[in-house]
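Chemist: File name protein.cif; file contents mmCIF, C-alpha atoms and all ligand atoms; full text below.
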```cif
data_run
#
loop_
_atom_site.label_atom_id
_atom_site.label_comp_id
_atom_site.auth_asym_id
_atom_site.auth_seq_id
_atom_site.Cartn_x
_atom_site.Cartn_y
_atom_site.Cartn_z
CA MET F 28 0.00 0.00 0.00
CA ILE F 29 1.16 3.54 -0.78
CA TYR F 30 -0.62 6.13 1.34
CA LEU F 31 -0.37 9.64 -0.09
CA ASP F 32 -3.32 11.25 1.68
CA TYR F 33 -1.72 12.54 4.88
CA SER F 34 -3.57 15.87 4.71
CA ALA F 35 -6.90 14.03 4.88
CA THR F 36 -5.73 12.21 7.99
CA THR F 37 -2.58 10.62 9.39
CA PRO F 38 -2.16 7.11 10.76
CA VAL F 39 -2.04 7.15 14.54
CA ASP F 40 1.45 6.77 16.02
CA GLU F 41 1.81 3.44 17.85
CA SER F 42 3.08 5.05 21.06
CA VAL F 43 0.24 7.59 21.00
CA LEU F 44 -2.21 4.72 20.74
CA ASP F 45 -0.43 2.99 23.65
CA THR F 46 -0.83 6.14 25.75
CA TYR F 47 -4.51 6.30 24.84
CA VAL F 48 -5.06 2.68 25.90
CA LYS F 49 -3.05 3.00 29.14
CA VAL F 50 -4.80 6.21 30.22
CA THR F 51 -8.21 4.75 29.37
CA LYS F 52 -7.44 1.70 31.53
CA ASN F 53 -5.68 3.40 34.40
CA TYR F 54 -7.57 6.67 34.80
CA VAL F 55 -11.22 5.74 35.08
CA GLY F 56 -12.45 8.78 36.97
CA ASN F 57 -14.41 11.71 35.61
CA PRO F 58 -11.87 14.58 35.86
CA ASN F 59 -14.56 16.71 37.50
CA SER F 60 -15.44 14.15 40.23
CA LEU F 61 -14.46 15.26 43.70
CA HIS F 62 -12.87 11.96 44.74
CA LYS F 63 -9.30 10.74 44.27
CA LEU F 64 -9.96 9.12 40.87
CA GLY F 65 -11.40 12.36 39.54
CA PHE F 66 -8.50 14.37 40.94
CA GLU F 67 -5.93 12.05 39.33
CA ALA F 68 -7.57 12.29 35.91
CA GLY F 69 -7.91 16.09 36.24
CA LYS F 70 -4.25 16.38 37.19
CA LEU F 71 -3.24 14.37 34.13
CA ILE F 72 -5.24 16.70 31.88
CA ASP F 73 -3.61 19.73 33.49
CA GLU F 74 -0.18 18.23 32.80
CA ALA F 75 -1.14 17.50 29.19
CA THR F 76 -2.39 21.09 28.76
CA ALA F 77 0.87 22.45 30.19
CA GLN F 78 2.79 20.24 27.77
CA ILE F 79 0.78 21.45 24.75
CA LYS F 80 1.36 25.07 25.80
CA LYS F 81 5.08 24.40 26.13
CA VAL F 82 5.45 22.64 22.78
CA LEU F 83 3.54 25.42 20.98
CA SER F 84 5.25 28.19 23.05
CA LEU F 85 1.87 29.64 24.02
CA ALA F 86 1.77 32.71 26.26
CA GLY F 87 -1.44 34.06 27.81
CA LYS F 88 -3.56 31.39 26.12
CA GLU F 89 -5.98 28.70 27.20
CA ILE F 90 -7.01 25.57 25.34
CA ILE F 91 -10.65 24.65 24.85
CA TYR F 92 -10.74 20.94 23.99
CA THR F 93 -13.11 20.06 21.17
CA SER F 94 -13.93 17.03 19.01
CA GLY F 95 -11.61 18.37 16.30
CA ALA F 96 -11.02 21.39 14.10
CA THR F 97 -14.57 21.46 12.70
CA GLU F 98 -15.98 22.11 16.16
CA ALA F 99 -13.13 24.48 17.01
CA ASN F 100 -13.81 26.54 13.85
CA ASN F 101 -17.55 26.60 14.61
CA LEU F 102 -16.86 27.65 18.20
CA ALA F 103 -14.45 30.41 17.15
CA ILE F 104 -16.81 31.85 14.55
CA PHE F 105 -20.18 31.57 16.31
CA GLY F 106 -18.52 32.23 19.67
CA VAL F 107 -17.11 35.59 18.52
CA CYS F 108 -20.06 36.63 16.37
CA TYR F 109 -22.71 35.95 19.02
CA LYS F 110 -20.63 37.55 21.77
CA TYR F 111 -19.74 40.73 19.90
CA GLN F 112 -22.76 41.30 17.65
CA HIS F 113 -23.47 44.54 19.52
CA ARG F 114 -20.19 45.90 18.10
CA GLY F 115 -20.97 44.94 14.52
CA LYS F 116 -21.78 42.11 12.13
CA HIS F 117 -18.97 42.26 9.60
CA ILE F 118 -16.52 39.39 9.07
CA ILE F 119 -13.50 39.16 6.75
CA THR F 120 -12.24 35.84 5.37
CA THR F 121 -10.84 34.29 2.16
CA HIS F 122 -12.08 31.94 -0.52
CA LEU F 123 -9.40 29.44 0.57
CA GLU F 124 -11.04 28.41 3.84
CA HIS F 125 -12.09 24.91 4.84
CA LYS F 126 -15.81 24.04 4.76
CA SER F 127 -15.89 24.15 8.55
CA VAL F 128 -15.21 27.90 8.30
CA LEU F 129 -17.21 28.69 5.16
CA GLU F 130 -20.37 26.84 6.22
CA PRO F 131 -20.76 28.59 9.62
CA LEU F 132 -20.21 31.89 7.78
CA LYS F 133 -23.04 31.03 5.38
CA VAL F 134 -25.32 30.41 8.38
CA LEU F 135 -24.34 33.78 9.85
CA GLU F 136 -24.95 35.49 6.51
CA LYS F 137 -28.56 34.26 6.67
CA GLU F 138 -28.76 35.76 10.17
CA GLY F 139 -27.79 39.20 8.85
CA TYR F 140 -23.99 39.15 9.17
CA GLU F 141 -21.96 40.46 6.23
CA ILE F 142 -18.98 38.52 4.91
CA SER F 143 -16.16 40.08 2.84
CA TYR F 144 -13.60 37.97 0.99
CA VAL F 145 -10.03 39.30 0.71
CA SER F 146 -8.46 39.03 -2.71
CA LEU F 147 -5.22 37.15 -3.23
CA ASN F 148 -1.89 38.26 -4.67
CA GLU F 149 -0.31 36.56 -7.68
CA ASP F 150 1.44 34.12 -5.30
CA LYS F 151 -1.98 33.39 -3.66
CA THR F 152 -1.14 35.03 -0.35
CA VAL F 153 -3.65 37.46 1.11
CA ASN F 154 -3.51 40.95 -0.43
CA LEU F 155 -2.75 43.06 2.64
CA GLU F 156 -3.78 46.34 1.02
CA HIS F 157 -7.14 44.86 0.12
CA LEU F 158 -7.49 43.46 3.64
CA LYS F 159 -6.88 46.93 5.06
CA SER F 160 -9.43 48.47 2.70
CA LEU F 161 -12.08 45.94 3.78
CA ILE F 162 -11.83 46.80 7.48
CA ARG F 163 -14.83 48.77 8.76
CA GLU F 164 -16.15 50.18 12.03
CA ASP F 165 -18.38 47.12 12.39
CA THR F 166 -15.73 44.45 11.57
CA ILE F 167 -15.56 42.03 14.48
CA LEU F 168 -13.71 39.01 13.12
CA VAL F 169 -11.00 38.14 10.59
CA SER F 170 -10.70 34.41 9.90
CA ILE F 171 -7.86 33.34 7.62
CA ALA F 172 -6.45 29.81 7.48
CA PHE F 173 -2.72 29.38 7.94
CA ILE F 174 -2.49 26.62 5.32
CA ASN F 175 -5.13 25.69 2.79
CA SER F 176 -5.75 21.94 2.83
CA GLU F 177 -6.39 21.45 -0.90
CA VAL F 178 -3.52 23.29 -2.57
CA GLY F 179 -1.24 23.96 0.41
CA VAL F 180 -0.99 27.78 0.16
CA LYS F 181 0.63 29.20 3.28
CA GLN F 182 -0.38 32.62 4.59
CA ASP F 183 1.93 34.98 6.47
CA LEU F 184 0.04 35.31 9.77
CA VAL F 185 2.59 37.77 11.18
CA LYS F 186 2.09 40.19 8.27
CA ILE F 187 -1.70 39.88 8.57
CA LYS F 188 -1.42 40.59 12.30
CA GLU F 189 0.66 43.72 11.52
CA VAL F 190 -2.33 45.08 9.58
CA LEU F 191 -4.82 44.06 12.29
CA ALA F 192 -2.68 45.42 15.14
CA GLN F 193 -4.05 48.89 14.38
CA TYR F 194 -7.57 47.60 15.12
CA PRO F 195 -7.35 46.00 18.58
CA LYS F 196 -11.08 45.26 18.72
CA ILE F 197 -10.98 42.98 15.68
CA ILE F 198 -10.52 39.35 16.66
CA PHE F 199 -8.05 37.34 14.57
CA HIS F 200 -8.84 33.65 14.10
CA SER F 201 -6.89 31.15 12.05
CA ASP F 202 -7.57 27.54 11.16
CA ILE F 203 -4.06 26.19 11.76
CA THR F 204 -5.07 22.53 11.29
CA GLN F 205 -2.74 21.87 8.36
CA GLY F 206 0.22 23.63 9.96
CA VAL F 207 0.38 22.14 13.45
CA GLY F 208 3.08 19.47 13.67
CA LYS F 209 4.48 20.29 10.22
CA ILE F 210 5.97 23.76 10.66
CA LYS F 211 7.10 25.90 13.58
CA PHE F 212 5.30 29.25 13.60
CA ASP F 213 4.32 31.96 16.05
CA LEU F 214 0.85 31.23 17.37
CA ASN F 215 0.86 34.18 19.71
CA VAL F 216 -0.10 36.59 16.91
CA LEU F 217 -3.54 34.91 16.91
CA ASP F 218 -6.49 35.49 19.24
CA LEU F 219 -8.02 32.15 18.30
CA ALA F 220 -6.58 29.07 16.55
CA SER F 221 -8.20 25.75 15.64
CA PHE F 222 -6.43 22.40 15.37
CA SER F 223 -7.06 18.65 15.21
CA ALA F 224 -4.93 15.76 16.51
CA GLN F 225 -5.73 13.47 13.58
CA LYS F 226 -3.48 15.63 11.35
CA PHE F 227 -0.37 15.01 13.48
CA TYR F 228 -0.56 11.24 14.09
CA GLY F 229 -2.94 11.58 17.04
CA MET F 230 -6.34 10.06 17.59
CA LYS F 231 -9.40 11.12 15.63
CA GLY F 232 -12.11 12.94 17.58
CA ILE F 233 -9.96 15.35 19.55
CA GLY F 234 -8.67 18.84 18.85
CA GLY F 235 -8.89 22.26 20.31
CA LEU F 236 -9.39 25.97 20.09
CA ILE F 237 -6.48 27.99 21.45
CA LYS F 238 -7.86 31.23 22.85
CA ASN F 239 -6.41 34.37 24.42
CA THR F 240 -7.14 33.93 28.11
CA ASN F 241 -8.59 37.44 28.36
CA LEU F 242 -10.89 37.02 25.35
CA ASP F 243 -14.49 36.10 26.11
CA ILE F 244 -16.57 34.15 23.56
CA SER F 245 -20.04 32.56 23.68
CA PRO F 246 -20.16 28.77 24.04
CA ILE F 247 -21.99 26.77 21.36
CA ILE F 248 -22.35 23.60 23.47
CA TYR F 249 -24.01 24.03 26.86
CA GLY F 250 -24.19 21.48 29.65
CA GLY F 251 -22.13 20.02 32.48
CA LYS F 252 -18.71 21.14 33.66
CA SER F 253 -15.69 20.49 31.46
CA THR F 254 -12.13 21.82 31.46
CA THR F 255 -13.29 25.36 30.56
CA ARG F 256 -16.65 27.15 30.63
CA PHE F 257 -16.56 27.51 26.83
CA ARG F 258 -17.40 23.88 25.97
CA ALA F 259 -19.48 21.55 28.11
CA GLY F 260 -19.09 17.76 28.41
CA THR F 261 -16.98 15.27 30.35
CA PRO F 262 -13.34 15.85 29.37
CA PRO F 263 -11.98 12.87 27.37
CA THR F 264 -8.85 12.31 29.48
CA ALA F 265 -7.19 9.68 27.28
CA LEU F 266 -7.81 11.65 24.06
CA ILE F 267 -6.37 14.83 25.55
CA VAL F 268 -3.31 13.13 27.05
CA SER F 269 -2.60 11.17 23.88
CA MET F 270 -2.96 14.39 21.83
CA ALA F 271 -0.31 16.09 23.99
CA LYS F 272 1.98 13.13 23.32
CA ALA F 273 1.30 13.23 19.56
CA LEU F 274 2.09 16.93 19.53
CA ARG F 275 5.34 16.49 21.43
CA LEU F 276 6.42 13.73 19.04
CA ALA F 277 5.44 15.81 15.99
CA TYR F 278 7.69 18.66 17.13
CA ASP F 279 10.67 16.35 17.79
CA ASN F 280 13.13 16.90 14.90
CA ILE F 281 10.51 18.98 13.10
CA GLU F 282 13.10 20.76 10.92
CA GLU F 283 14.62 17.48 9.70
CA LYS F 284 11.19 16.07 8.94
CA TYR F 285 10.35 19.22 6.98
CA LYS F 286 13.57 18.97 4.96
CA CYS F 287 12.82 15.33 4.23
CA VAL F 288 9.34 16.27 2.90
CA GLU F 289 10.90 19.09 0.86
CA LYS F 290 13.21 16.63 -0.89
CA LEU F 291 10.33 14.27 -1.65
CA ASN F 292 8.27 17.20 -2.93
CA GLN F 293 11.06 18.18 -5.37
CA ILE F 294 11.25 14.65 -6.77
CA LEU F 295 7.49 14.50 -7.08
CA LEU F 296 7.16 17.91 -8.76
CA MET F 297 10.05 17.23 -11.15
CA ASN F 298 8.39 14.03 -12.33
CA LEU F 299 4.90 15.53 -12.58
CA ARG F 300 6.21 18.52 -14.57
CA ASP F 301 7.84 16.11 -17.04
CA ASN F 302 4.44 14.77 -18.03
CA HIS F 303 2.73 17.14 -20.47
CA TYR F 304 -0.76 15.84 -19.59
CA ILE F 305 -0.32 17.17 -16.05
CA VAL F 306 -0.74 20.78 -14.87
CA ILE F 307 0.34 21.72 -11.35
CA ASN F 308 -2.19 23.73 -9.36
CA SER F 309 -0.27 24.25 -6.11
CA PRO F 310 1.49 27.62 -6.19
CA ASP F 311 5.15 28.09 -5.24
CA LYS F 312 4.04 29.36 -1.82
CA ALA F 313 2.51 25.96 -1.01
CA ILE F 314 3.97 23.85 1.75
CA PRO F 315 5.90 20.83 0.40
CA HIS F 316 3.47 18.39 2.04
CA ILE F 317 0.68 19.16 -0.45
CA VAL F 318 0.85 18.88 -4.24
CA ASN F 319 -2.31 19.55 -6.21
CA PHE F 320 -2.42 18.89 -9.96
CA SER F 321 -4.89 18.22 -12.77
CA VAL F 322 -4.97 15.82 -15.69
CA LEU F 323 -7.35 17.72 -17.92
CA ASP F 324 -8.69 14.97 -20.15
CA ILE F 325 -9.29 12.31 -17.48
CA LYS F 326 -11.88 12.53 -14.72
CA ALA F 327 -10.24 12.92 -11.31
CA GLU F 328 -12.35 10.14 -9.77
CA THR F 329 -11.42 7.76 -12.60
CA LEU F 330 -7.72 8.30 -11.97
CA LEU F 331 -8.17 8.08 -8.19
CA HIS F 332 -9.91 4.69 -8.51
CA ALA F 333 -7.42 3.44 -11.12
CA LEU F 334 -4.62 4.16 -8.63
CA GLU F 335 -6.66 2.62 -5.83
CA GLU F 336 -6.61 -0.66 -7.80
CA GLU F 337 -2.82 -0.60 -7.25
CA GLU F 338 -3.35 0.26 -3.56
CA ILE F 339 -2.17 3.83 -4.03
CA TYR F 340 -4.31 6.33 -2.13
CA ILE F 341 -4.65 10.01 -3.02
CA SER F 342 -7.52 12.57 -2.89
CA THR F 343 -9.71 14.33 -5.41
CA LYS F 344 -10.67 17.24 -3.15
CA THR F 345 -10.96 17.55 0.61
CA ALA F 346 -12.71 14.45 1.88
CA CYS F 347 -15.16 16.74 3.69
CA SER F 348 -16.37 18.57 0.56
CA SER F 349 -19.63 17.68 -1.15
CA ILE F 350 -19.41 19.65 -4.40
CA ASP F 351 -17.82 18.06 -7.45
CA TYR F 352 -14.92 20.45 -7.98
CA SER F 353 -12.22 21.94 -5.81
CA GLU F 354 -13.24 25.45 -4.76
CA SER F 355 -9.67 26.23 -3.73
CA VAL F 356 -8.26 25.18 -7.12
CA TYR F 357 -10.99 27.19 -8.84
CA ASN F 358 -10.20 30.22 -6.72
CA ILE F 359 -6.47 30.16 -7.38
CA THR F 360 -6.55 29.18 -11.06
CA GLY F 361 -9.89 30.68 -12.14
CA ASP F 362 -10.27 27.54 -14.27
CA LYS F 363 -13.32 25.34 -13.64
CA LYS F 364 -11.92 22.45 -15.69
CA ARG F 365 -8.71 22.36 -13.66
CA ALA F 366 -10.81 22.50 -10.50
CA GLU F 367 -12.99 19.59 -11.66
CA HIS F 368 -9.97 17.47 -12.63
CA SER F 369 -7.81 18.22 -9.63
CA LEU F 370 -6.03 15.60 -7.57
CA ARG F 371 -4.19 16.07 -4.30
CA VAL F 372 -1.15 14.12 -3.20
CA SER F 373 -0.15 14.77 0.39
CA ILE F 374 3.11 13.45 1.75
CA SER F 375 4.82 13.05 5.09
CA HIS F 376 8.27 12.34 6.52
CA LEU F 377 7.01 8.73 6.63
CA THR F 378 6.79 8.70 2.82
CA SER F 379 9.77 7.14 1.01
CA LYS F 380 11.42 8.15 -2.27
CA GLU F 381 10.54 4.69 -3.62
CA GLU F 382 6.87 5.32 -2.87
CA ILE F 383 6.98 8.63 -4.75
CA LEU F 384 8.70 7.02 -7.75
CA CYS F 385 6.28 4.10 -7.77
CA PHE F 386 3.33 6.50 -7.59
CA VAL F 387 4.67 8.57 -10.50
CA MET F 388 5.25 5.46 -12.60
CA MET F 389 1.76 4.11 -11.91
CA LEU F 390 0.19 7.51 -12.54
CA GLU F 391 1.89 7.79 -15.95
CA ASP F 392 0.82 4.26 -16.78
CA LYS F 393 -2.82 4.93 -15.79
CA ILE F 394 -2.89 8.21 -17.74
CA GLU F 395 -1.65 6.42 -20.89
CA ARG F 396 -4.15 3.58 -20.53
CA LEU F 397 -7.14 5.80 -19.75
CA ARG F 398 -6.31 8.17 -22.63
CA ARG F 399 -6.16 5.17 -25.01
CA ILE F 400 -9.57 3.96 -23.79
CA ASN F 401 -11.04 7.48 -24.15
CA SER F 402 -9.75 8.01 -27.72
N1 LIG F 501 -9.66 22.57 8.74
C1 LIG F 501 -8.79 22.04 7.87
C2 LIG F 501 -7.84 22.95 7.16
C3 LIG F 501 -8.79 20.66 7.63
O1 LIG F 501 -7.94 20.14 6.76
C4 LIG F 501 -9.71 19.84 8.34
C5 LIG F 501 -9.76 18.35 8.09
N2 LIG F 501 -9.93 17.99 6.76
C6 LIG F 501 -10.59 20.44 9.25
C7 LIG F 501 -10.54 21.81 9.42
C8 LIG F 501 -11.58 19.64 10.03
O2 LIG F 501 -10.93 18.84 10.96
P1 LIG F 501 -11.73 17.69 11.76
O3 LIG F 501 -12.25 16.76 10.71
O4 LIG F 501 -10.72 17.05 12.63
O5 LIG F 501 -12.83 18.32 12.50
#
```
Would you mind giving the structure from this file in structure tokens?
Ligand code: PMP
Modeler:
Amino acid sequence: MIYLDYSATTPVDESVLDTYVKVTKNYVGNPNSLHKLGFEAGKLIDEATAQIKKVLSLAGKEIIYTSGATEANNLAIFGVCYKYQHRGKHIITTHLEHKSVLEPLKVLEKEGYEISYVSLNEDKTVNLEHLKSLIREDTILVSIAFINSEVGVKQDLVKIKEVLAQYPKIIFHSDITQGVGKIKFDLNVLDLASFSAQKFYGMKGIGGLIKNTNLDISPIIYGGKSTTRFRAGTPPTALIVSMAKALRLAYDNIEEKYKCVEKLNQILLMNLRDNHYIVINSPDKAIPHIVNFSVLDIKAETLLHALEEEEIYISTKTACSSIDYSESVYNITGDKKRAEHSLRVSISHLTSKEEILCFVMMLEDKIERLRRINS
């Protein structure tokens, strides 16, 4: 099997799974129970939280544990908009956001909020001048993803913050899901940041919203006590502790892992560019982990399933999307056909050069065969 879909999800690290199993077995108490078993579980969560803060160098932040980045994005967006609607109902975002940002914004639009989309520069980074021009008296939230999951475009959060610094009442949220565990970056420029453990070899079903401690937001899930007052429900001790471990492991030798992915990316791109049936959609500013391309005269699904027959796994668009073309590819290329035919390969430091070469060989073979059948 050749797995090239790491941006959709990563396989759980064996030792992370071990931690999950051990904590589940050994810490049976509800962390909010007043007895010893509750106290022990609560203490373990506090240690995990401290570890996450240390690994991510967080200052003045708290972590609201959620079921993943979808919930964290929903909480950030509804939480800010419902809390600060008296200040205004204007939100700024981009066309490169994940569904879990765009869909909540559509709901808010129906409720009378106004959404503005920042235009992109030639290199697909946010146009800072345009961002500045969009800011109004009633702007309450700017939500811009660090890394787009379909094409891999990386935004400069520090530069965006420099623009927003002149407007201290505007809350800056970023979906950092595709960046955590891949790249070191300064999270302290953000007021709110969403992430998910399943993208850095952790368990599925756990993630979080990192929030400035002094920022108040409205909860979206109400109920019994949890680790914070912003999200109710019994804290999942084993998921939280195993996520802290996954994060620590992801940041071990992070620079070497990045360099390794960069090398693989160069081999992959060189081979894809050699094939004149392939057009690359990912811009130069994309992270090396994500390569998006189109084969214009073959349906993306057909190629995906042809590769699947050889046990090679890639993506057509984000697994979470329901429309039949990639909105991100459409927004950066302006070409519907490229967006309809786009394929995403996402690699990891676990990927080998042999896997990349085998994938390229099989892809070329499938393109030849399918073109022959079509003609
Ligand atoms: N944001 C981005 C950028 C993602 O890639 C994903 C996962 N595809 C999510 C949010 C949602 O994460 P989860 O499925 O863990 O809720």
Chemist: Residues within 9 Å of ligand LIG 501 (chain F) should be enumerated using all atoms listed in the file and returned as a PyMOL selection string.
Modeler: chain F and resi 34-36+93-100+124-128+172-177+202-206+221-226+231-234+345-348
Chemist: Taking only C-alpha atoms into account, which of F:Lys393, F:Lys159, F:Lys211, F:Arg258 comes nearest Lys188 of chain F?
Modeler: F:Lys159
Chemist: Under the rule that all atoms listed in the file are counted, which of F:Val207, F:Ile197, F:Val178, F:Val43 is the nearest residue to Tyr278 of chain F?
Modeler: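 Among the listed residues, F:Val207 lies closest to Tyr278 of chain F.
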Chemist: Excluding segment 141-153 of chain F and its own-chain neighbours fewer than 3 positions away, which residues fall within 6 Å of it when counting only C-alpha atoms? Please give them as a ChimeraX atom specification.
Modeler: /F:117-121,136,158,182
Chemist: Filtering to C-alpha atoms, could you give me those residues as a compact mmCIF listing (two decimals), in the frame of the given file?
Modeler:
```txt
# COMPACT_ATOMS: atom_id res chain seq x y z
CA HIS F 117 -18.97 42.26 9.60
CA ILE F 118 -16.52 39.39 9.07
CA ILE F 119 -13.50 39.16 6.75
CA THR F 120 -12.24 35.84 5.37
CA THR F 121 -10.84 34.29 2.16
CA GLU F 136 -24.95 35.49 6.51
CA LEU F 158 -7.49 43.46 3.64
CA GLN F 182 -0.38 32.62 4.59
```
Chemist: From the set F:Leu291, F:Ile267, F:Cys385, F:Val48, which residue has the shortest atom-to-atom contact distance to Lys70 of chain F, counting all atoms listed in the file?
Modeler: F:Ile267
Chemist: Residues within 8 Å of (5.0, 23.5, 17.8), file coordinates, counting only C-alpha atoms: what are they? Give the list as a list in words.
Modeler: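 Checking each residue against the 8 Å limit leaves Val82, Leu83, Ser84, Val207, Gly208, Ile210, Lys211, Phe212, Leu274, Arg275, Ala277 and Tyr278 of chain F.
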Chemist: Using all atoms listed in the file, determine which residues lie at most 8 Å from Leu266 of chain F, disregarding the query and same-chain residues fewer than 2 positions distant; provide the list as a VMD selection string.
Modeler: chain F and resid 47 230 232 to 233 263 to 264 268 to 270
Chemist: Can you pull out the residues contacting segment 365-377 of chain F? Cut-off 6 Å, using only C-alpha atoms, and skip same-chain residues under 5 positions away; I want them as a PDB file with C-alpha atoms, keeping the file's coordinate frame.
Modeler:
```
ATOM      1  CA  LEU F  31      -0.370   9.640  -0.090  1.00  0.00           C
ATOM      2  CA  ASP F  32      -3.320  11.250   1.680  1.00  0.00           C
ATOM      3  CA  TYR F  33      -1.720  12.540   4.880  1.00  0.00           C
ATOM      4  CA  SER F  34      -3.570  15.870   4.710  1.00  0.00           C
ATOM      5  CA  LYS F 284      11.190  16.070   8.940  1.00  0.00           C
ATOM      6  CA  CYS F 287      12.820  15.330   4.230  1.00  0.00           C
ATOM      7  CA  VAL F 288       9.340  16.270   2.900  1.00  0.00           C
ATOM      8  CA  HIS F 316       3.470  18.390   2.040  1.00  0.00           C
ATOM      9  CA  ILE F 317       0.680  19.160  -0.450  1.00  0.00           C
ATOM     10  CA  VAL F 318       0.850  18.880  -4.240  1.00  0.00           C
ATOM     11  CA  ASN F 319      -2.310  19.550  -6.210  1.00  0.00           C
ATOM     12  CA  PHE F 320      -2.420  18.890  -9.960  1.00  0.00           C
ATOM     13  CA  SER F 321      -4.890  18.220 -12.770  1.00  0.00           C
ATOM     14  CA  LEU F 323      -7.350  17.720 -17.920  1.00  0.00           C
ATOM     15  CA  LYS F 326     -11.880  12.530 -14.720  1.00  0.00           C
ATOM     16  CA  ALA F 327     -10.240  12.920 -11.310  1.00  0.00           C
ATOM     17  CA  ILE F 341      -4.650  10.010  -3.020  1.00  0.00           C
ATOM     18  CA  SER F 342      -7.520  12.570  -2.890  1.00  0.00           C
ATOM     19  CA  THR F 343      -9.710  14.330  -5.410  1.00  0.00           C
ATOM     20  CA  TYR F 352     -14.920  20.450  -7.980  1.00  0.00           C
ATOM     21  CA  SER F 353     -12.220  21.940  -5.810  1.00  0.00           C
ATOM     22  CA  VAL F 356      -8.260  25.180  -7.120  1.00  0.00           C
ATOM     23  CA  TYR F 357     -10.990  27.190  -8.840  1.00  0.00           C
TER      24      TYR F 357
END
```
Chemist: Generate the coordinates of N, CA and C atoms for segment 84-97 of chain F; report them as a PDB file, in the frame of the given file.
Modeler:
```
ATOM      1  N   SER F  84       4.761  26.899  22.496  1.00  0.00           N
ATOM      2  CA  SER F  84       5.250  28.190  23.050  1.00  0.00           C
ATOM      3  C   SER F  84       4.113  29.198  23.223  1.00  0.00           C
ATOM      4  N   LEU F  85       3.029  28.759  23.841  1.00  0.00           N
ATOM      5  CA  LEU F  85       1.870  29.640  24.020  1.00  0.00           C
ATOM      6  C   LEU F  85       2.046  30.511  25.257  1.00  0.00           C
ATOM      7  N   ALA F  86       1.714  31.796  25.102  1.00  0.00           N
ATOM      8  CA  ALA F  86       1.770  32.710  26.260  1.00  0.00           C
ATOM      9  C   ALA F  86       0.412  33.393  26.388  1.00  0.00           C
ATOM     10  N   GLY F  87      -0.158  33.401  27.575  1.00  0.00           N
ATOM     11  CA  GLY F  87      -1.440  34.060  27.810  1.00  0.00           C
ATOM     12  C   GLY F  87      -2.599  33.415  27.072  1.00  0.00           C
ATOM     13  N   LYS F  88      -2.514  32.099  26.876  1.00  0.00           N
ATOM     14  CA  LYS F  88      -3.560  31.390  26.120  1.00  0.00           C
ATOM     15  C   LYS F  88      -4.160  30.272  26.967  1.00  0.00           C
ATOM     16  N   GLU F  89      -5.399  29.914  26.621  1.00  0.00           N
ATOM     17  CA  GLU F  89      -5.980  28.700  27.200  1.00  0.00           C
ATOM     18  C   GLU F  89      -6.446  27.799  26.063  1.00  0.00           C
ATOM     19  N   ILE F  90      -6.604  26.519  26.387  1.00  0.00           N
ATOM     20  CA  ILE F  90      -7.010  25.570  25.340  1.00  0.00           C
ATOM     21  C   ILE F  90      -8.400  25.046  25.671  1.00  0.00           C
ATOM     22  N   ILE F  91      -9.300  25.205  24.703  1.00  0.00           N
ATOM     23  CA  ILE F  91     -10.650  24.650  24.850  1.00  0.00           C
ATOM     24  C   ILE F  91     -10.631  23.344  24.052  1.00  0.00           C
ATOM     25  N   TYR F  92     -10.777  22.216  24.722  1.00  0.00           N
ATOM     26  CA  TYR F  92     -10.740  20.940  23.990  1.00  0.00           C
ATOM     27  C   TYR F  92     -12.061  20.727  23.265  1.00  0.00           C
ATOM     28  N   THR F  93     -11.938  20.290  22.013  1.00  0.00           N
ATOM     29  CA  THR F  93     -13.110  20.060  21.170  1.00  0.00           C
ATOM     30  C   THR F  93     -12.981  18.687  20.507  1.00  0.00           C
ATOM     31  N   SER F  94     -13.986  18.333  19.698  1.00  0.00           N
ATOM     32  CA  SER F  94     -13.930  17.030  19.010  1.00  0.00           C
ATOM     33  C   SER F  94     -13.019  17.079  17.789  1.00  0.00           C
ATOM     34  N   GLY F  95     -12.500  18.244  17.462  1.00  0.00           N
ATOM     35  CA  GLY F  95     -11.610  18.370  16.300  1.00  0.00           C
ATOM     36  C   GLY F  95     -11.647  19.813  15.807  1.00  0.00           C
ATOM     37  N   ALA F  96     -11.105  20.021  14.621  1.00  0.00           N
ATOM     38  CA  ALA F  96     -11.020  21.390  14.100  1.00  0.00           C
ATOM     39  C   ALA F  96     -12.367  21.908  13.605  1.00  0.00           C
ATOM     40  N   THR F  97     -13.244  21.017  13.163  1.00  0.00           N
ATOM     41  CA  THR F  97     -14.570  21.460  12.700  1.00  0.00           C
ATOM     42  C   THR F  97     -15.286  22.162  13.855  1.00  0.00           C
TER      43      THR F  97
END
```
